[in-house]
>>> print(open('structure_30.cif').read())   # mmCIF, C-alpha atoms and all ligand atoms
data_coords
#
loop_
_atom_site.label_atom_id
_atom_site.label_comp_id
_atom_site.auth_asym_id
_atom_site.auth_seq_id
_atom_site.Cartn_x
_atom_site.Cartn_y
_atom_site.Cartn_z
CA MET P 1 -15.50 9.02 7.01
CA ARG P 2 -15.71 9.72 10.72
CA LYS P 3 -13.19 8.44 13.15
CA THR P 4 -14.32 7.43 16.61
CA PRO P 5 -12.68 5.96 19.68
CA SER P 6 -12.74 2.20 19.76
CA PRO P 7 -15.53 1.61 22.35
CA ASN P 8 -18.15 2.95 19.94
CA SER P 9 -16.88 1.27 16.87
CA LYS P 10 -17.93 -2.19 17.90
CA GLY P 11 -21.57 -1.31 18.51
CA LYS P 12 -22.54 -0.70 14.94
CA GLN P 13 -21.47 -3.21 12.37
CA ASN P 14 -22.23 -3.65 8.77
CA SER P 15 -24.77 -6.42 8.28
CA GLY P 16 -22.37 -8.33 6.04
CA ARG P 17 -19.69 -8.44 8.71
CA ASN P 18 -17.92 -11.78 8.72
CA ASP P 19 -19.86 -12.93 5.68
CA MET P 20 -17.08 -14.31 3.52
CA SER P 21 -19.26 -16.72 1.56
CA GLY P 22 -19.31 -17.03 -2.21
CA ILE P 23 -15.83 -15.68 -2.83
CA SER P 24 -14.28 -16.80 -6.12
CA PHE P 25 -11.22 -14.56 -6.45
CA ILE P 26 -9.10 -12.59 -3.94
CA TYR P 27 -7.18 -9.42 -4.75
CA PHE P 28 -4.60 -8.09 -2.30
CA ASP P 29 -3.22 -4.61 -1.85
CA LEU P 30 0.61 -4.63 -1.87
CA ASP P 31 2.13 -1.84 0.26
CA ASP P 32 1.55 -2.23 3.99
CA THR P 33 -0.73 -5.21 3.38
CA LEU P 34 1.60 -7.90 1.97
CA ILE P 35 4.85 -5.89 2.03
CA ASP P 36 6.03 -3.66 4.89
CA HIS P 37 6.42 -0.47 2.85
CA LYS P 38 6.42 1.90 5.82
CA LYS P 39 9.25 0.11 7.58
CA ALA P 40 11.28 0.03 4.34
CA GLN P 41 10.65 3.74 3.74
CA ASP P 42 11.67 4.68 7.29
CA ARG P 43 14.82 2.55 7.18
CA ALA P 44 15.79 3.90 3.75
CA LEU P 45 15.47 7.47 5.03
CA ALA P 46 17.59 6.60 8.06
CA ASP P 47 20.25 5.21 5.67
CA LEU P 48 20.02 8.38 3.60
CA TRP P 49 20.54 10.45 6.75
CA THR P 50 23.63 8.39 7.59
CA ARG P 51 25.11 8.78 4.10
CA TYR P 52 24.66 12.56 3.74
CA PRO P 53 26.05 14.88 6.45
CA GLU P 54 23.96 17.67 4.85
CA LEU P 55 20.90 16.00 6.43
CA GLN P 56 22.32 15.71 9.93
CA SER P 57 21.49 19.10 11.44
CA SER P 58 18.48 17.35 12.99
CA GLY P 59 17.95 13.66 13.82
CA PRO P 60 16.87 10.94 11.36
CA GLU P 61 13.41 10.84 12.95
CA VAL P 62 12.84 14.44 11.81
CA LEU P 63 13.75 13.55 8.22
CA ILE P 64 11.42 10.53 8.41
CA SER P 65 8.45 12.50 9.66
CA VAL P 66 8.91 15.54 7.38
CA TYR P 67 9.33 13.29 4.32
CA ALA P 68 6.23 11.27 5.23
CA GLY P 69 4.10 14.41 5.59
CA VAL P 70 5.36 15.91 2.32
CA ASN P 71 4.98 12.62 0.43
CA ASN P 72 1.42 11.99 1.66
CA LYS P 73 0.29 15.45 0.57
CA LEU P 74 1.95 15.05 -2.82
CA TRP P 75 0.22 11.71 -3.40
CA HIS P 76 -3.12 13.48 -3.04
CA VAL P 77 -2.01 15.99 -5.69
CA TYR P 78 -0.76 13.15 -7.92
CA ARG P 79 -4.05 11.29 -7.42
CA ASN P 80 -5.92 14.36 -8.62
CA SER P 81 -3.59 14.57 -11.63
CA GLY P 82 -2.13 17.87 -10.46
CA ILE P 83 1.44 16.60 -10.99
CA GLY P 84 3.14 13.74 -12.82
CA GLN P 85 5.30 10.95 -11.48
CA ASN P 86 8.65 12.66 -12.11
CA GLU P 87 7.46 15.87 -10.49
CA LEU P 88 6.33 13.91 -7.46
CA LYS P 89 9.76 12.30 -7.14
CA ARG P 90 11.49 15.69 -7.45
CA ILE P 91 9.19 17.77 -5.27
CA ARG P 92 9.07 15.29 -2.39
CA PHE P 93 12.81 15.65 -1.86
CA GLU P 94 13.06 19.37 -2.72
CA LYS P 95 10.23 20.21 -0.33
CA THR P 96 11.58 17.94 2.43
CA PHE P 97 15.01 19.59 2.10
CA SER P 98 13.56 23.09 2.12
CA GLU P 99 11.45 22.34 5.22
CA LEU P 100 14.55 21.00 6.97
CA GLY P 101 16.76 23.87 5.78
CA VAL P 102 19.05 21.43 3.94
CA ARG P 103 21.27 22.99 1.27
CA GLY P 104 23.73 21.61 -1.23
CA LEU P 105 22.19 18.16 -1.70
CA ASP P 106 20.85 17.47 -5.17
CA TRP P 107 17.41 15.83 -5.16
CA ARG P 108 18.39 13.47 -7.99
CA GLU P 109 21.27 12.06 -5.99
CA ALA P 110 19.08 11.72 -2.89
CA GLU P 111 16.25 10.07 -4.83
CA ALA P 112 18.59 7.53 -6.46
CA ALA P 113 20.20 6.67 -3.12
CA TYR P 114 16.82 6.47 -1.41
CA MET P 115 15.50 4.01 -4.02
CA GLU P 116 18.57 1.84 -3.63
CA PHE P 117 18.19 1.77 0.16
CA TYR P 118 14.42 1.31 -0.02
CA GLN P 119 14.78 -1.91 -2.02
CA ARG P 120 17.24 -3.33 0.48
CA HIS P 121 14.65 -3.14 3.24
CA TRP P 122 11.73 -4.88 1.56
CA GLU P 123 10.16 -7.53 3.77
CA TRP P 124 6.85 -9.32 4.02
CA ILE P 125 4.38 -8.17 6.64
CA ASP P 126 4.43 -10.61 9.58
CA ASP P 127 2.60 -13.81 8.68
CA ALA P 128 1.27 -12.36 5.38
CA ARG P 129 3.47 -14.59 3.23
CA GLU P 130 2.20 -17.80 4.76
CA VAL P 131 -1.47 -16.82 4.50
CA PHE P 132 -1.12 -15.33 1.02
CA THR P 133 0.58 -18.44 -0.37
CA ASP P 134 -1.88 -20.71 1.42
CA LEU P 135 -4.89 -18.83 0.05
CA ALA P 136 -3.29 -18.88 -3.41
CA LYS P 137 -3.54 -22.68 -3.34
CA ARG P 138 -7.27 -22.49 -2.65
CA TYR P 139 -8.38 -19.44 -4.64
CA PRO P 140 -7.19 -17.64 -7.73
CA VAL P 141 -5.51 -14.50 -6.37
CA GLY P 142 -4.24 -11.19 -7.69
CA VAL P 143 -2.41 -8.10 -6.51
CA LEU P 144 -3.88 -4.65 -7.17
CA THR P 145 -1.65 -1.76 -6.10
CA ASN P 146 -1.43 1.99 -6.42
CA GLY P 147 2.06 3.09 -7.38
CA PHE P 148 4.59 3.42 -10.14
CA ASN P 149 5.10 0.59 -12.63
CA ASP P 150 8.87 0.41 -12.33
CA ILE P 151 9.14 0.06 -8.57
CA GLN P 152 5.98 -2.02 -8.03
CA LYS P 153 7.04 -4.49 -10.73
CA LYS P 154 10.40 -4.85 -9.01
CA LYS P 155 8.48 -5.82 -5.87
CA PHE P 156 6.47 -8.41 -7.83
CA GLU P 157 9.77 -9.93 -8.97
CA HIS P 158 11.56 -9.66 -5.65
CA PHE P 159 8.77 -11.50 -3.83
CA SER P 160 8.10 -13.91 -6.75
CA LEU P 161 4.44 -12.87 -6.68
CA ASN P 162 3.90 -14.12 -10.23
CA ARG P 163 4.31 -17.66 -8.88
CA TYR P 164 1.12 -17.22 -6.88
CA ALA P 165 -0.93 -14.45 -8.46
CA ARG P 166 -2.94 -14.78 -11.64
CA GLU P 167 -3.15 -11.00 -12.04
CA LEU P 168 -0.61 -8.33 -11.03
CA ILE P 169 -1.99 -4.84 -11.56
CA VAL P 170 -0.32 -1.46 -10.96
CA SER P 171 -2.49 1.66 -11.03
CA GLU P 172 -0.16 3.36 -13.50
CA GLN P 173 -0.91 0.76 -16.19
CA THR P 174 -4.67 1.34 -15.80
CA GLY P 175 -4.63 5.15 -15.71
CA TYR P 176 -6.65 5.18 -12.46
CA LEU P 177 -5.79 5.11 -8.76
CA LYS P 178 -7.74 3.35 -6.02
CA PRO P 179 -10.40 4.20 -4.85
CA ASP P 180 -11.53 5.12 -8.40
CA PRO P 181 -14.18 2.51 -9.33
CA ARG P 182 -12.64 2.21 -12.80
CA ILE P 183 -9.52 0.47 -11.43
CA PHE P 184 -11.72 -2.02 -9.53
CA GLN P 185 -13.72 -2.58 -12.74
CA TYR P 186 -10.47 -3.15 -14.65
CA ALA P 187 -9.39 -5.72 -12.06
CA ALA P 188 -12.82 -7.39 -12.00
CA ASP P 189 -12.78 -7.75 -15.79
CA LEU P 190 -9.36 -9.45 -15.65
CA ALA P 191 -10.50 -11.76 -12.86
CA GLY P 192 -13.60 -12.66 -14.85
CA TYR P 193 -15.95 -12.86 -11.88
CA PRO P 194 -18.87 -10.65 -10.82
CA PRO P 195 -18.03 -8.04 -8.15
CA GLU P 196 -19.92 -9.73 -5.31
CA SER P 197 -17.67 -12.79 -5.61
CA LEU P 198 -14.47 -10.72 -5.43
CA LEU P 199 -12.69 -10.02 -2.15
CA TYR P 200 -10.28 -7.13 -1.69
CA VAL P 201 -7.81 -7.27 1.17
CA GLY P 202 -6.11 -3.97 2.05
CA ASP P 203 -4.91 -1.65 4.80
CA SER P 204 -6.23 1.71 3.58
CA HIS P 205 -9.82 2.32 4.63
CA SER P 206 -10.37 5.09 2.08
CA SER P 207 -8.61 3.53 -0.94
CA ASP P 208 -9.15 -0.18 -0.36
CA ILE P 209 -12.24 -0.71 1.77
CA GLU P 210 -14.41 2.19 0.64
CA GLY P 211 -13.17 1.80 -2.94
CA GLY P 212 -13.79 -1.95 -3.04
CA SER P 213 -17.15 -1.77 -1.26
CA ARG P 214 -18.45 0.99 -3.53
CA SER P 215 -17.62 -1.28 -6.47
CA GLY P 216 -19.71 -4.08 -4.96
CA TRP P 217 -16.75 -6.21 -3.82
CA LYS P 218 -16.43 -7.88 -0.44
CA THR P 219 -13.63 -6.30 1.59
CA ALA P 220 -11.30 -7.33 4.39
CA TRP P 221 -9.55 -4.50 6.24
CA TYR P 222 -6.05 -5.13 7.61
CA ALA P 223 -6.49 -2.57 10.40
CA VAL P 224 -3.28 -2.89 12.37
CA ASP P 225 -2.37 0.51 13.92
CA LYS P 226 -5.42 2.14 12.33
CA GLU P 227 -8.00 4.43 13.88
CA PRO P 228 -11.39 2.68 14.09
CA VAL P 229 -13.97 3.73 11.52
CA GLU P 230 -17.62 3.85 12.51
CA ASP P 231 -19.96 1.92 10.23
CA SER P 232 -17.12 0.54 8.15
CA PRO P 233 -18.46 -1.39 5.16
CA ALA P 234 -15.68 -3.98 5.62
CA ASN P 235 -16.91 -7.59 5.71
CA LEU P 236 -13.94 -8.48 7.90
CA ILE P 237 -11.65 -6.36 10.06
CA PHE P 238 -8.45 -8.11 11.11
CA THR P 239 -5.07 -7.33 12.66
CA HIS P 240 -3.35 -10.70 12.18
CA PHE P 241 -3.36 -12.62 8.93
CA SER P 242 -4.36 -15.77 10.79
CA GLU P 243 -7.80 -14.14 11.26
CA LEU P 244 -8.16 -13.73 7.50
CA LYS P 245 -7.17 -17.35 6.97
CA LYS P 246 -9.69 -18.49 9.57
CA ALA P 247 -12.50 -16.41 8.02
CA LEU P 248 -11.86 -18.09 4.67
CA THR P 249 -11.90 -21.70 5.87
MG MG Y 1 -1.63 -0.27 1.29
#
>>> encode(input="structure_30.cif", output="structure tokens", more="lines below")
Ligand SMILES: [Mg+2]
Amino acid sequence: MRKTPSPNSKGKQNSGRNDMSGISFIYFDLDDTLIDHKKAQDRALADLWTRYPELQSSGPEVLISVYAGVNNKLWHVYRNSGIGQNELKRIRFEKTFSELGVRGLDWREAEAAYMEFYQRHWEWIDDAREVFTDLAKRYPVGVLTNGFNDIQKKKFEHFSLNRYARELIVSEQTGYLKPDPRIFQYAADLAGYPPESLLYVGDSHSSDIEGGSRSGWKTAWYAVDKEPVEDSPANLIFTHFSELKKALT
């Protein structure tokens, strides 16, 4: 994947761009597509900073950025099966604390407090709820998310997603993480439609758009705050959910 400045990205487009015909089933990514995960994570870390004086030798924005860097790297290791879920939860706090020079704060206590704060800050992405629920009246829909069963299932409940979605799939239950084609195959089998009539809507170009496209699905990229990608295989690139709604009417 090559990233280019925006002026070039509009010149070359995939030939299926804006072709949203023949769609029978729509799967949505969860974090940062329907639900504002990043905002919840940042606010939870700010709450953590406020609760524990041990963290306050630098500002909350330092904790937020160090944690994000550590966590992103660890997810790559987790994806490649180098560590398990519990190790990821431990190491992301231990490593953040060691990078910040924080001593005397137990990672278990921090992790438990973080999870409690994180859940308090869950919110829909702007205008995603309205479009998601509207599309759910016109298409069968599902949610397909990378993540841990326990926390992702709490999100399904919190946002009553089972009222709208026919399928709710967490990577952990399948044994594969997006963009592995086997998780898209798993989801396609549950939907019961051929890949070319499935649409995947997500914010991650590598996991969602490349993963979905390689599996023969149509894809819609929620590209808000993203670097443009030259020759993206996405059938639709949008930054407001109203554009997705319009493309599907
Ligand atoms: Mg996402």
>>> atom_distance(input="structure_30.cif", atom1="atom CA of P:His158", atom2="atom CA of P:Asp42")
19.3 Å
>>> atom_distance(input="structure_30.cif", atom1="atom CA of P:Asp150", atom2="atom CA of P:Arg43")
20.5 Å
>>> residues_near_ligand(input="structure_30.cif", ligand="ligand MG 1 (chain Y)", cutoff="9 Å", atoms="only C-alpha atoms and all ligand atoms", output="JSON, numbers by chain")
{"P": [29, 30, 31, 32, 33, 34, 35, 37, 145, 146, 202, 203, 204, 207, 208]}
>>> closest_residue(input="structure_30.cif", among="P:Asp189, P:Arg108, P:Arg103, P:Ser215", to="P:Glu87", atoms="all atoms listed in the file")
P:Arg108
>>> closest_residue(input="structure_30.cif", among="P:Ala188, P:Ile183, P:Ala223, P:Val141", to="P:Arg166", atoms="only C-alpha atoms")
P:Val141
>>> closest_residue(input="structure_30.cif", among="P:Gly69, P:Pro140, P:Gly16, P:Gly147", to="P:Pro233", atoms="all atoms listed in the file")
P:Gly16
